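A.B. asks: Let me begin by handing over the structure; questions about it come next.
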Amino acid sequence: MKQLFKLLTLAIIGVSAYIILGSSCIPKTSIAVNGFLFGKPFQTTVDNNLAKLMLTNPQDNEVVNLFSAYQNKPLNTKTLSELTANYSADVATFYFLQKEYQDTENKQAQDLYASYFEKLSNNENISELNSLKEYFVAFVPGLAYKQDTTTGANFSRQRRLLTTSGVANELIETGEWDLADDNASTVSKRLRELSEIHEKIIVVSASKGGLETAIALGKILKPEETKSIKAWISVGGILRGSPIADNYLTAPKCWFAEFMLWTKGKKIDIVQDMSYKQRTEDFKELHFPDNMKIIHFVGAPMATQIDKEIKSRYCSMSRFGPNDGLTPLADEVTENGIVVSEIGLDHYFRDKNIDTKTFALALVAIKIQNGN
(Lines give C-alpha, C1' and ligand atoms only; values in the text may rest on other atoms or scores of the structure.)
Protein backbone atom coordinates (compact mmCIF):
# COMPACT_ATOMS: atom_id res chain seq x y z
CA MET A 1 0.00 0.00 0.00
CA LYS A 2 2.87 2.40 0.84
CA GLN A 3 4.43 1.74 -2.55
CA LEU A 4 1.14 2.43 -4.32
CA PHE A 5 0.68 5.67 -2.34
CA LYS A 6 4.22 6.77 -3.21
CA LEU A 7 3.65 6.01 -6.87
CA LEU A 8 0.41 7.97 -6.89
CA THR A 9 2.00 10.94 -5.08
CA LEU A 10 4.89 11.12 -7.53
CA ALA A 11 2.49 10.83 -10.44
CA ILE A 12 0.32 13.68 -9.15
CA ILE A 13 3.39 15.89 -8.67
CA GLY A 14 4.67 15.08 -12.14
CA VAL A 15 1.34 15.64 -13.87
CA SER A 16 0.70 18.85 -11.93
CA ALA A 17 4.04 20.21 -13.14
CA TYR A 18 3.14 19.05 -16.65
CA ILE A 19 -0.16 20.92 -16.56
CA ILE A 20 1.37 24.11 -15.14
CA LEU A 21 4.25 24.17 -17.62
CA GLY A 22 2.08 22.97 -20.46
CA SER A 23 -0.31 25.93 -20.14
CA SER A 24 2.39 28.53 -20.73
CA CYS A 25 1.89 28.67 -24.51
CA ILE A 26 -1.50 30.39 -24.37
CA PRO A 27 -1.02 33.96 -25.70
CA LYS A 28 -1.52 36.82 -23.27
CA THR A 29 -2.88 39.11 -25.99
CA SER A 30 -5.92 38.54 -28.17
CA ILE A 31 -6.51 40.54 -31.34
CA ALA A 32 -10.06 40.75 -32.75
CA VAL A 33 -10.33 40.14 -36.49
CA ASN A 34 -13.05 40.73 -39.08
CA GLY A 35 -11.62 39.24 -42.22
CA PHE A 36 -12.03 36.52 -44.81
CA LEU A 37 -11.12 32.85 -44.89
CA PHE A 38 -11.82 30.52 -47.80
CA GLY A 39 -13.49 33.43 -49.58
CA LYS A 40 -16.08 33.98 -46.86
CA PRO A 41 -16.40 36.55 -44.05
CA PHE A 42 -14.74 35.28 -40.89
CA GLN A 43 -14.57 36.67 -37.37
CA THR A 44 -12.18 35.42 -34.72
CA THR A 45 -9.39 36.43 -32.35
CA VAL A 46 -5.72 35.80 -33.10
CA ASP A 47 -2.41 35.92 -31.26
CA ASN A 48 -0.37 38.00 -33.70
CA ASN A 49 -0.85 41.02 -35.97
CA LEU A 50 0.56 39.08 -38.92
CA ALA A 51 -2.16 36.48 -38.42
CA LYS A 52 -4.68 39.32 -38.57
CA LEU A 53 -3.19 40.58 -41.84
CA MET A 54 -3.43 37.10 -43.32
CA LEU A 55 -7.21 37.40 -42.95
CA THR A 56 -7.73 41.09 -43.61
CA ASN A 57 -5.04 42.10 -46.11
CA PRO A 58 -3.35 39.10 -47.78
CA GLN A 59 -1.66 41.45 -50.27
CA ASP A 60 0.25 43.21 -47.50
CA ASN A 61 4.02 43.01 -48.02
CA GLU A 62 4.52 41.22 -44.71
CA VAL A 63 2.10 38.46 -45.71
CA VAL A 64 3.47 38.20 -49.25
CA ASN A 65 7.02 37.96 -47.92
CA LEU A 66 5.99 35.21 -45.50
CA PHE A 67 4.56 33.01 -48.24
CA SER A 68 7.50 33.79 -50.51
CA ALA A 69 10.04 32.84 -47.84
CA TYR A 70 8.40 29.45 -47.25
CA GLN A 71 7.18 28.62 -50.76
CA ASN A 72 9.83 25.95 -51.37
CA LYS A 73 9.44 24.27 -48.00
CA PRO A 74 7.17 21.22 -47.61
CA LEU A 75 3.85 21.78 -45.87
CA ASN A 76 4.65 19.52 -42.96
CA THR A 77 5.02 19.59 -39.19
CA LYS A 78 8.66 20.68 -39.35
CA THR A 79 7.77 23.75 -41.42
CA LEU A 80 4.77 24.64 -39.26
CA SER A 81 6.89 24.22 -36.14
CA GLU A 82 9.39 26.69 -37.56
CA LEU A 83 6.62 29.16 -38.40
CA THR A 84 5.25 28.87 -34.87
CA ALA A 85 8.66 29.54 -33.36
CA ASN A 86 9.40 32.47 -35.68
CA TYR A 87 5.96 34.06 -35.62
CA SER A 88 3.08 32.45 -33.70
CA ALA A 89 0.77 29.45 -33.57
CA ASP A 90 -2.04 31.27 -35.38
CA VAL A 91 0.28 32.46 -38.16
CA ALA A 92 1.34 28.83 -38.68
CA THR A 93 -2.30 27.67 -38.58
CA PHE A 94 -3.44 30.17 -41.22
CA TYR A 95 -0.39 29.41 -43.34
CA PHE A 96 -1.33 25.73 -43.29
CA LEU A 97 -5.01 26.39 -44.08
CA GLN A 98 -4.36 28.95 -46.81
CA LYS A 99 -1.65 26.88 -48.48
CA GLU A 100 -3.95 23.85 -48.54
CA TYR A 101 -6.74 26.00 -49.98
CA GLN A 102 -4.47 27.10 -52.84
CA ASP A 103 -4.60 23.53 -54.13
CA THR A 104 -7.35 23.25 -56.76
CA GLU A 105 -8.80 20.00 -55.46
CA ASN A 106 -8.74 21.18 -51.85
CA LYS A 107 -10.45 24.44 -52.81
CA GLN A 108 -13.16 22.56 -54.66
CA ALA A 109 -13.74 20.25 -51.70
CA GLN A 110 -13.77 23.09 -49.12
CA ASP A 111 -16.22 25.14 -51.20
CA LEU A 112 -18.46 22.13 -51.84
CA TYR A 113 -18.44 21.32 -48.15
CA ALA A 114 -19.57 24.84 -47.25
CA SER A 115 -22.26 24.76 -49.93
CA TYR A 116 -23.63 21.36 -48.92
CA PHE A 117 -23.66 22.30 -45.25
CA GLU A 118 -25.62 25.45 -46.01
CA LYS A 119 -28.15 23.55 -48.12
CA LEU A 120 -28.55 20.80 -45.51
CA SER A 121 -28.99 23.40 -42.77
CA ASN A 122 -31.73 25.11 -44.79
CA ASN A 123 -33.41 21.80 -45.69
CA GLU A 124 -32.86 22.50 -49.38
CA ASN A 125 -33.20 19.75 -51.94
CA ILE A 126 -29.83 18.21 -52.82
CA SER A 127 -29.79 16.18 -56.02
CA GLU A 128 -26.57 14.41 -54.97
CA LEU A 129 -28.45 12.76 -52.11
CA ASN A 130 -29.82 10.16 -54.51
CA SER A 131 -26.26 9.35 -55.55
CA LEU A 132 -25.24 8.94 -51.91
CA LYS A 133 -27.93 6.28 -51.51
CA GLU A 134 -25.96 4.14 -53.95
CA TYR A 135 -23.13 3.89 -51.41
CA PHE A 136 -22.69 1.89 -48.23
CA VAL A 137 -21.04 3.89 -45.44
CA ALA A 138 -18.83 1.99 -42.99
CA PHE A 139 -17.80 3.84 -39.82
CA VAL A 140 -14.63 3.05 -37.85
CA PRO A 141 -14.90 4.41 -34.27
CA GLY A 142 -12.33 6.02 -32.01
CA LEU A 143 -10.84 5.12 -28.64
CA ALA A 144 -13.27 4.27 -25.80
CA TYR A 145 -16.26 4.82 -28.11
CA LYS A 146 -18.51 2.63 -25.98
CA GLN A 147 -17.28 3.77 -22.59
CA ASP A 148 -17.59 7.49 -23.34
CA THR A 149 -20.32 8.24 -25.87
CA THR A 150 -20.01 12.01 -25.31
CA THR A 151 -16.97 12.23 -27.60
CA GLY A 152 -19.01 11.28 -30.65
CA ALA A 153 -16.45 8.62 -31.56
CA ASN A 154 -19.27 6.10 -32.07
CA PHE A 155 -20.79 8.20 -34.89
CA SER A 156 -24.29 7.59 -33.49
CA ARG A 157 -25.69 10.93 -34.67
CA GLN A 158 -24.23 10.61 -38.15
CA ARG A 159 -25.46 7.04 -38.52
CA ARG A 160 -28.94 8.06 -37.43
CA LEU A 161 -29.01 10.89 -39.94
CA LEU A 162 -27.85 8.65 -42.78
CA THR A 163 -30.38 5.95 -41.90
CA THR A 164 -33.19 8.52 -41.84
CA SER A 165 -32.05 9.69 -45.28
CA GLY A 166 -32.10 6.16 -46.68
CA VAL A 167 -28.33 5.64 -46.79
CA ALA A 168 -27.23 2.16 -45.70
CA ASN A 169 -24.48 2.17 -43.09
CA GLU A 170 -22.95 0.33 -40.15
CA LEU A 171 -20.42 0.77 -37.36
CA ILE A 172 -17.49 -1.64 -37.56
CA GLU A 173 -17.13 -2.70 -33.96
CA THR A 174 -13.48 -2.61 -32.95
CA GLY A 175 -11.99 -3.18 -29.51
CA GLU A 176 -12.33 0.21 -27.88
CA TRP A 177 -9.09 -0.30 -25.91
CA ASP A 178 -7.37 -2.71 -28.31
CA LEU A 179 -4.06 -2.02 -30.04
CA ALA A 180 -4.23 -0.31 -33.43
CA ASP A 181 -2.84 -3.22 -35.44
CA ASP A 182 -5.33 -5.64 -33.89
CA ASN A 183 -8.21 -3.32 -34.70
CA ALA A 184 -6.83 -2.82 -38.21
CA SER A 185 -7.18 -6.56 -38.74
CA THR A 186 -10.81 -6.37 -37.60
CA VAL A 187 -11.47 -3.46 -39.95
CA SER A 188 -9.79 -5.26 -42.85
CA LYS A 189 -11.82 -8.42 -42.31
CA ARG A 190 -15.10 -6.52 -42.25
CA LEU A 191 -14.24 -4.40 -45.30
CA ARG A 192 -13.45 -7.56 -47.25
CA GLU A 193 -16.88 -8.91 -46.34
CA LEU A 194 -18.64 -5.67 -47.20
CA SER A 195 -16.79 -5.47 -50.54
CA GLU A 196 -18.34 -8.78 -51.55
CA ILE A 197 -21.81 -7.32 -50.95
CA HIS A 198 -21.52 -3.66 -51.98
CA GLU A 199 -19.98 -2.15 -55.11
CA LYS A 200 -19.57 1.33 -53.66
CA ILE A 201 -18.29 1.88 -50.12
CA ILE A 202 -17.31 5.02 -48.21
CA VAL A 203 -15.24 4.47 -45.07
CA VAL A 204 -15.45 7.12 -42.34
CA SER A 205 -13.05 6.98 -39.38
CA ALA A 206 -12.50 9.04 -36.24
CA SER A 207 -9.36 9.79 -34.24
CA LYS A 208 -7.46 6.55 -33.42
CA GLY A 209 -9.81 4.79 -35.82
CA GLY A 210 -8.04 6.77 -38.53
CA LEU A 211 -4.75 5.04 -37.76
CA GLU A 212 -6.48 1.66 -37.76
CA THR A 213 -8.17 2.41 -41.08
CA ALA A 214 -4.88 3.63 -42.54
CA ILE A 215 -3.17 0.36 -41.62
CA ALA A 216 -6.09 -1.64 -43.04
CA LEU A 217 -6.20 0.26 -46.35
CA GLY A 218 -2.49 0.97 -46.73
CA LYS A 219 -0.95 -2.28 -45.52
CA ILE A 220 -3.26 -5.23 -44.90
CA LEU A 221 -5.76 -5.15 -47.76
CA LYS A 222 -4.53 -5.97 -51.24
CA PRO A 223 -5.29 -3.47 -54.05
CA GLU A 224 -7.86 -5.81 -55.59
CA GLU A 225 -9.64 -6.02 -52.23
CA THR A 226 -10.19 -2.27 -52.11
CA LYS A 227 -11.83 -1.75 -55.52
CA SER A 228 -15.25 -1.27 -53.94
CA ILE A 229 -13.91 1.32 -51.49
CA LYS A 230 -14.38 4.58 -53.34
CA ALA A 231 -13.53 7.03 -50.57
CA TRP A 232 -12.11 7.26 -47.08
CA ILE A 233 -13.04 10.22 -44.85
CA SER A 234 -10.65 10.59 -41.92
CA VAL A 235 -12.10 12.82 -39.18
CA GLY A 236 -9.36 14.12 -36.88
CA GLY A 237 -7.22 11.13 -37.77
CA ILE A 238 -4.31 10.37 -35.45
CA LEU A 239 -2.53 8.81 -38.41
CA ARG A 240 0.99 9.10 -37.06
CA GLY A 241 0.33 8.62 -33.37
CA SER A 242 0.42 11.44 -30.83
CA PRO A 243 3.27 13.27 -29.08
CA ILE A 244 1.06 13.05 -26.00
CA ALA A 245 1.73 9.32 -25.93
CA ASP A 246 5.49 9.89 -25.99
CA ASN A 247 5.11 12.42 -23.16
CA TYR A 248 3.48 9.74 -21.03
CA LEU A 249 6.17 7.17 -21.76
CA THR A 250 8.78 8.98 -19.69
CA ALA A 251 8.96 9.51 -15.92
CA PRO A 252 7.20 10.83 -13.96
CA LYS A 253 4.17 10.96 -16.29
CA CYS A 254 4.51 7.28 -17.17
CA TRP A 255 3.82 6.43 -13.51
CA PHE A 256 0.58 8.36 -13.63
CA ALA A 257 -0.39 6.73 -16.93
CA GLU A 258 0.34 3.25 -15.58
CA PHE A 259 -1.66 3.92 -12.43
CA MET A 260 -4.70 5.32 -14.25
CA LEU A 261 -4.67 2.49 -16.78
CA TRP A 262 -4.28 -0.02 -13.95
CA THR A 263 -7.46 1.34 -12.32
CA LYS A 264 -9.25 0.56 -15.60
CA GLY A 265 -7.71 -2.87 -15.91
CA LYS A 266 -5.49 -1.72 -18.79
CA LYS A 267 -1.74 -1.66 -19.43
CA ILE A 268 0.73 0.94 -20.65
CA ASP A 269 0.95 -0.81 -24.04
CA ILE A 270 -2.06 1.21 -25.27
CA VAL A 271 0.08 4.35 -24.79
CA GLN A 272 3.17 2.76 -26.34
CA ASP A 273 0.99 1.75 -29.29
CA MET A 274 0.28 5.43 -30.09
CA SER A 275 3.91 6.60 -29.88
CA TYR A 276 4.37 9.52 -32.26
CA LYS A 277 8.00 8.59 -32.87
CA GLN A 278 7.21 5.00 -33.80
CA ARG A 279 3.97 5.57 -35.70
CA THR A 280 5.52 8.34 -37.79
CA GLU A 281 8.10 5.84 -39.03
CA ASP A 282 5.50 3.11 -39.54
CA PHE A 283 3.31 5.45 -41.59
CA LYS A 284 6.02 5.79 -44.23
CA GLU A 285 5.48 2.13 -45.13
CA LEU A 286 1.78 2.56 -45.94
CA HIS A 287 0.64 2.71 -49.57
CA PHE A 288 -2.95 3.64 -50.36
CA PRO A 289 -4.83 2.51 -53.49
CA ASP A 290 -5.02 5.06 -56.31
CA ASN A 291 -8.70 4.37 -56.99
CA MET A 292 -9.74 5.64 -53.57
CA LYS A 293 -10.29 9.32 -52.72
CA ILE A 294 -9.00 10.29 -49.28
CA ILE A 295 -10.54 13.28 -47.50
CA HIS A 296 -9.11 14.62 -44.25
CA PHE A 297 -11.44 16.59 -42.00
CA VAL A 298 -9.14 18.72 -39.86
CA GLY A 299 -10.16 20.78 -36.84
CA ALA A 300 -7.90 23.82 -36.39
CA PRO A 301 -8.29 25.68 -33.07
CA MET A 302 -7.10 29.25 -32.57
CA ALA A 303 -4.37 29.72 -29.94
CA THR A 304 -6.47 32.42 -28.23
CA GLN A 305 -9.50 30.15 -27.94
CA ILE A 306 -8.11 26.85 -26.65
CA ASP A 307 -10.65 24.99 -24.54
CA LYS A 308 -9.51 24.36 -20.97
CA GLU A 309 -10.04 20.62 -21.50
CA ILE A 310 -7.23 20.41 -24.05
CA LYS A 311 -5.06 23.37 -22.95
CA SER A 312 -2.30 21.39 -21.25
CA ARG A 313 -2.13 18.86 -24.09
CA TYR A 314 -2.21 21.60 -26.74
CA CYS A 315 0.67 23.43 -25.07
CA SER A 316 2.70 20.30 -24.47
CA MET A 317 2.80 19.89 -28.28
CA SER A 318 3.42 23.57 -29.09
CA ARG A 319 6.95 22.79 -30.29
CA PHE A 320 5.37 20.77 -33.11
CA GLY A 321 3.38 23.78 -34.29
CA PRO A 322 -0.42 23.95 -34.71
CA ASN A 323 -2.24 20.96 -33.27
CA ASP A 324 -5.77 19.94 -32.36
CA GLY A 325 -4.98 18.90 -28.78
CA LEU A 326 -3.94 15.36 -29.64
CA THR A 327 -1.86 15.49 -32.80
CA PRO A 328 -0.15 18.09 -35.06
CA LEU A 329 -2.42 19.33 -37.86
CA ALA A 330 -0.03 18.48 -40.68
CA ASP A 331 0.25 14.89 -39.43
CA GLU A 332 -3.48 14.32 -39.97
CA VAL A 333 -2.92 14.54 -43.73
CA THR A 334 -1.69 11.99 -46.29
CA GLU A 335 0.39 13.01 -49.30
CA ASN A 336 -2.42 12.88 -51.85
CA GLY A 337 -5.30 13.39 -49.46
CA ILE A 338 -7.84 16.18 -49.86
CA VAL A 339 -8.09 18.58 -46.92
CA VAL A 340 -11.34 20.06 -45.61
CA SER A 341 -10.94 22.08 -42.42
CA GLU A 342 -13.06 23.57 -39.65
CA ILE A 343 -11.39 26.57 -38.08
CA GLY A 344 -11.97 26.90 -34.34
CA LEU A 345 -12.71 23.24 -33.62
CA ASP A 346 -10.28 20.99 -31.79
CA HIS A 347 -9.84 17.22 -31.86
CA TYR A 348 -13.24 16.57 -30.28
CA PHE A 349 -15.16 18.46 -33.00
CA ARG A 350 -17.72 19.63 -30.44
CA ASP A 351 -20.19 21.40 -32.68
CA LYS A 352 -23.95 21.19 -32.52
CA ASN A 353 -23.97 20.73 -36.30
CA ILE A 354 -21.21 18.14 -36.54
CA ASP A 355 -23.57 15.40 -37.74
CA THR A 356 -24.78 17.60 -40.60
CA LYS A 357 -21.19 18.57 -41.41
CA THR A 358 -20.16 14.92 -41.60
CA PHE A 359 -23.12 14.33 -43.93
CA ALA A 360 -21.86 17.23 -46.07
CA LEU A 361 -18.43 15.57 -46.20
CA ALA A 362 -19.98 12.36 -47.51
CA LEU A 363 -21.64 14.36 -50.30
CA VAL A 364 -18.28 15.97 -51.08
CA ALA A 365 -16.67 12.54 -51.28
CA ILE A 366 -19.05 11.18 -53.90
CA LYS A 367 -19.03 14.41 -55.89
CA ILE A 368 -15.24 14.34 -56.12
CA GLN A 369 -15.06 10.58 -56.55
CA ASN A 370 -17.39 10.83 -59.54
CA GLY A 371 -15.11 13.46 -61.04
CA ASN A 372 -17.77 16.18 -61.15
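Ligands are numbered from 1 in the order shown, residues from 1 within each chain, and chains are lettered A, B, ... in the order they appear in the C-alpha coordinates.
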Write out as number ranges by chain each polymer residue whose atoms come within 12 Å of segment 162-173 of chain A, counting only C-alpha atoms; drop sequence neighbours fewer than 6 positions from it.
C.D. replies: A: 120, 126, 129-146, 153-156, 183-191, 193-194, 198, 200-206, 209, 212-213, 355-356, 358-360, 362-363
A.B. asks: Store the residues of this selection in a file with N, CA and C atoms, as a short mmCIF file (atom, residue, chain, number, x, y, z; two decimals), in the first residue's frame.
C.D. replies:
data_model
loop_
_atom_site.label_atom_id
_atom_site.label_comp_id
_atom_site.auth_asym_id
_atom_site.auth_seq_id
_atom_site.Cartn_x
_atom_site.Cartn_y
_atom_site.Cartn_z
N LEU A 120 -28.00 21.74 -46.49
CA LEU A 120 -28.55 20.80 -45.51
C LEU A 120 -29.16 21.55 -44.33
N ILE A 126 -31.18 18.47 -52.30
CA ILE A 126 -29.83 18.21 -52.82
C ILE A 126 -29.89 17.00 -53.75
N LEU A 129 -28.03 13.69 -53.15
CA LEU A 129 -28.45 12.76 -52.11
C LEU A 129 -28.84 11.41 -52.70
N ASN A 130 -29.45 11.43 -53.86
CA ASN A 130 -29.82 10.16 -54.51
C ASN A 130 -28.58 9.35 -54.87
N SER A 131 -27.51 10.04 -55.24
CA SER A 131 -26.26 9.35 -55.55
C SER A 131 -25.65 8.74 -54.29
N LEU A 132 -25.79 9.44 -53.17
CA LEU A 132 -25.24 8.94 -51.91
C LEU A 132 -25.93 7.64 -51.49
N LYS A 133 -27.19 7.49 -51.86
CA LYS A 133 -27.93 6.28 -51.51
C LYS A 133 -27.39 5.05 -52.23
N GLU A 134 -26.57 5.26 -53.23
CA GLU A 134 -25.96 4.14 -53.95
C GLU A 134 -24.76 3.56 -53.20
N TYR A 135 -24.32 4.28 -52.16
CA TYR A 135 -23.13 3.89 -51.41
C TYR A 135 -23.50 3.26 -50.07
N PHE A 136 -22.60 2.41 -49.59
CA PHE A 136 -22.69 1.89 -48.23
C PHE A 136 -21.61 2.59 -47.42
N VAL A 137 -21.99 3.13 -46.26
CA VAL A 137 -21.04 3.89 -45.44
C VAL A 137 -20.65 3.04 -44.23
N ALA A 138 -19.36 2.78 -44.11
CA ALA A 138 -18.83 1.99 -42.99
C ALA A 138 -18.04 2.91 -42.06
N PHE A 139 -18.44 2.97 -40.80
CA PHE A 139 -17.80 3.84 -39.82
C PHE A 139 -16.82 3.05 -38.96
N VAL A 140 -15.64 3.63 -38.73
CA VAL A 140 -14.63 3.05 -37.85
C VAL A 140 -14.49 3.97 -36.64
N PRO A 141 -14.86 3.53 -35.45
CA PRO A 141 -14.90 4.41 -34.27
C PRO A 141 -13.54 4.70 -33.67
N GLY A 142 -13.55 5.63 -32.70
CA GLY A 142 -12.33 6.02 -32.01
C GLY A 142 -12.16 5.30 -30.69
N LEU A 143 -11.17 5.73 -29.93
CA LEU A 143 -10.84 5.12 -28.64
C LEU A 143 -12.00 5.28 -27.65
N ALA A 144 -12.27 4.23 -26.89
CA ALA A 144 -13.27 4.27 -25.80
C ALA A 144 -14.64 4.73 -26.30
N TYR A 145 -15.01 4.34 -27.52
CA TYR A 145 -16.26 4.82 -28.11
C TYR A 145 -17.51 4.28 -27.43
N LYS A 146 -17.37 3.16 -26.72
CA LYS A 146 -18.51 2.63 -25.98
C LYS A 146 -18.55 3.19 -24.56
N ALA A 153 -17.30 9.56 -30.83
CA ALA A 153 -16.45 8.62 -31.56
C ALA A 153 -17.21 7.39 -32.05
N ASN A 154 -18.46 7.24 -31.60
CA ASN A 154 -19.27 6.10 -32.07
C ASN A 154 -20.13 6.47 -33.27
N PHE A 155 -20.07 7.73 -33.71
CA PHE A 155 -20.79 8.20 -34.89
C PHE A 155 -22.32 7.97 -34.81
N SER A 156 -22.87 7.91 -33.62
CA SER A 156 -24.29 7.59 -33.49
C SER A 156 -25.20 8.61 -34.19
N ASN A 183 -6.97 -3.88 -34.17
CA ASN A 183 -8.21 -3.32 -34.70
C ASN A 183 -8.16 -3.18 -36.22
N ALA A 184 -6.98 -2.91 -36.75
CA ALA A 184 -6.83 -2.82 -38.21
C ALA A 184 -7.17 -4.15 -38.87
N SER A 185 -6.83 -5.24 -38.21
CA SER A 185 -7.18 -6.56 -38.74
C SER A 185 -8.69 -6.76 -38.73
N THR A 186 -9.34 -6.29 -37.68
CA THR A 186 -10.81 -6.37 -37.60
C THR A 186 -11.45 -5.54 -38.71
N VAL A 187 -10.94 -4.33 -38.91
CA VAL A 187 -11.47 -3.46 -39.95
C VAL A 187 -11.26 -4.08 -41.32
N SER A 188 -10.09 -4.63 -41.56
CA SER A 188 -9.79 -5.26 -42.85
C SER A 188 -10.74 -6.42 -43.14
N LYS A 189 -10.94 -7.25 -42.15
CA LYS A 189 -11.82 -8.42 -42.31
C LYS A 189 -13.24 -7.98 -42.69
N ARG A 190 -13.74 -6.97 -41.98
CA ARG A 190 -15.10 -6.52 -42.25
C ARG A 190 -15.21 -5.83 -43.61
N LEU A 191 -14.20 -5.07 -43.99
CA LEU A 191 -14.24 -4.40 -45.30
C LEU A 191 -14.18 -5.41 -46.44
N GLU A 193 -15.53 -8.37 -46.30
CA GLU A 193 -16.88 -8.91 -46.34
C GLU A 193 -17.86 -7.94 -46.99
N LEU A 194 -17.74 -6.68 -46.63
CA LEU A 194 -18.64 -5.67 -47.20
C LEU A 194 -18.39 -5.49 -48.70
N HIS A 198 -21.25 -5.01 -51.46
CA HIS A 198 -21.52 -3.66 -51.98
C HIS A 198 -20.45 -3.25 -53.00
N LYS A 200 -20.06 -0.01 -53.97
CA LYS A 200 -19.57 1.33 -53.66
C LYS A 200 -19.59 1.54 -52.14
N ILE A 201 -18.41 1.74 -51.57
CA ILE A 201 -18.29 1.88 -50.12
C ILE A 201 -17.54 3.17 -49.79
N ILE A 202 -18.03 3.88 -48.79
CA ILE A 202 -17.31 5.02 -48.21
C ILE A 202 -16.95 4.64 -46.78
N VAL A 203 -15.69 4.76 -46.43
CA VAL A 203 -15.24 4.47 -45.07
C VAL A 203 -15.04 5.81 -44.34
N VAL A 204 -15.61 5.91 -43.15
CA VAL A 204 -15.45 7.12 -42.34
C VAL A 204 -14.85 6.72 -41.00
N SER A 205 -13.72 7.32 -40.63
CA SER A 205 -13.05 6.98 -39.38
C SER A 205 -12.90 8.20 -38.49
N ALA A 206 -12.70 7.95 -37.20
CA ALA A 206 -12.50 9.04 -36.24
C ALA A 206 -11.27 8.78 -35.40
N GLY A 209 -9.26 5.62 -34.75
CA GLY A 209 -9.81 4.79 -35.82
C GLY A 209 -9.21 5.15 -37.17
N GLU A 212 -6.09 3.04 -37.50
CA GLU A 212 -6.48 1.66 -37.76
C GLU A 212 -6.97 1.47 -39.20
N THR A 213 -7.70 2.46 -39.69
CA THR A 213 -8.17 2.41 -41.08
C THR A 213 -7.00 2.56 -42.04
N ASP A 355 -22.98 16.50 -36.98
CA ASP A 355 -23.57 15.40 -37.74
C ASP A 355 -23.89 15.85 -39.17
N THR A 356 -24.46 17.05 -39.28
CA THR A 356 -24.78 17.60 -40.60
C THR A 356 -23.51 17.85 -41.40
N THR A 358 -20.68 16.21 -41.14
CA THR A 358 -20.16 14.92 -41.60
C THR A 358 -20.95 14.43 -42.81
N PHE A 359 -22.26 14.68 -42.79
CA PHE A 359 -23.12 14.33 -43.93
C PHE A 359 -22.64 15.11 -45.16
N ALA A 360 -22.35 16.40 -44.96
CA ALA A 360 -21.86 17.23 -46.07
C ALA A 360 -20.55 16.67 -46.63
N ALA A 362 -19.65 13.54 -46.71
CA ALA A 362 -19.98 12.36 -47.51
C ALA A 362 -20.42 12.77 -48.91
N LEU A 363 -21.20 13.85 -48.99
CA LEU A 363 -21.64 14.36 -50.30
C LEU A 363 -20.44 14.87 -51.10
#
A.B. asks: Among segment 86-147 of chain A, which ones does DSSP assign to strand (DSSP E or B) (computed from the backbone)? Answer as a PyMOL selection string.
C.D. replies: chain A and resi 136-140
A.B. asks: List every residue of segment 207-278 of chain A that has an atom at most 7 Å from any atom of segment 288-294 of chain A, and for each one report the closest atom pair and its distance in Å to one decimal, counting only C-alpha atoms, with rows sorted by chain and then by increasing residue number, as CSV.
C.D. replies:
residue,atom,partner,partner_atom,distance
A:Leu217,CA,A:Phe288,CA,6.2
A:Gly218,CA,A:Phe288,CA,4.5
A:Pro223,CA,A:Pro289,CA,6.0
A:Ile229,CA,A:Met292,CA,6.4
A:Lys230,CA,A:Met292,CA,4.8
A:Ala231,CA,A:Lys293,CA,4.5
A:Trp232,CA,A:Ile294,CA,4.9
A:Ile233,CA,A:Ile294,CA,6.0
A.B. asks: Taking 3 positions as the minimum chain separation for residues in the same chain, which residues sit within 6 Å of Ala89 of chain A when counting only C-alpha atoms? Answer as a PyMOL selection string.
C.D. replies: chain A and resi 84+92+322
A.B. asks: Atoms to include: N, CA and C atoms. Write the selected residues as a CSV table (one decimal), in the first residue's frame.
C.D. replies:
chain,number,residue,atom,x,y,z
A,84,THR,N,5.7,28.6,-36.2
A,84,THR,CA,5.2,28.9,-34.9
A,84,THR,C,6.3,29.5,-34.0
A,92,ALA,N,1.1,30.2,-38.1
A,92,ALA,CA,1.3,28.8,-38.7
A,92,ALA,C,0.0,28.1,-39.1
A,322,PRO,N,1.0,24.0,-34.9
A,322,PRO,CA,-0.4,23.9,-34.7
A,322,PRO,C,-0.9,22.5,-34.5
A.B. asks: Assign secondary structure with DSSP using the backbone only, and return the residues of segment 164-322 of chain A in helix (DSSP H, G or I) as number ranges by chain.
C.D. replies: A: 164, 180-195, 208-220, 223-226, 243-247, 253-263, 269-272, 276-283, 303-305, 311-316, 318-320
A.B. asks: My list of candidates is A:His347, A:Met302, A:Leu249, A:Ser68. Which is closest to Gln43 of chain A when distances are computed with only C-alpha atoms?
C.D. replies: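 Among the listed residues, the smallest separation from Gln43 of chain A belongs to A:Met302.
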A.B. asks: Measuring atom to atom with only C-alpha atoms, identify which of A:Pro58, A:Gly210, A:Gly237, A:Pro328 is nearest to Gly39 of chain A.
C.D. replies: A:Pro58
A.B. asks: So, with only C-alpha atoms as the atoms that count, which of A:Asn336, A:Lys40, A:Glu176, A:Gln110 lies closest to Thr149 of chain A?
C.D. replies: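 Of all the options, A:Glu176 lies closest to Thr149 of chain A.
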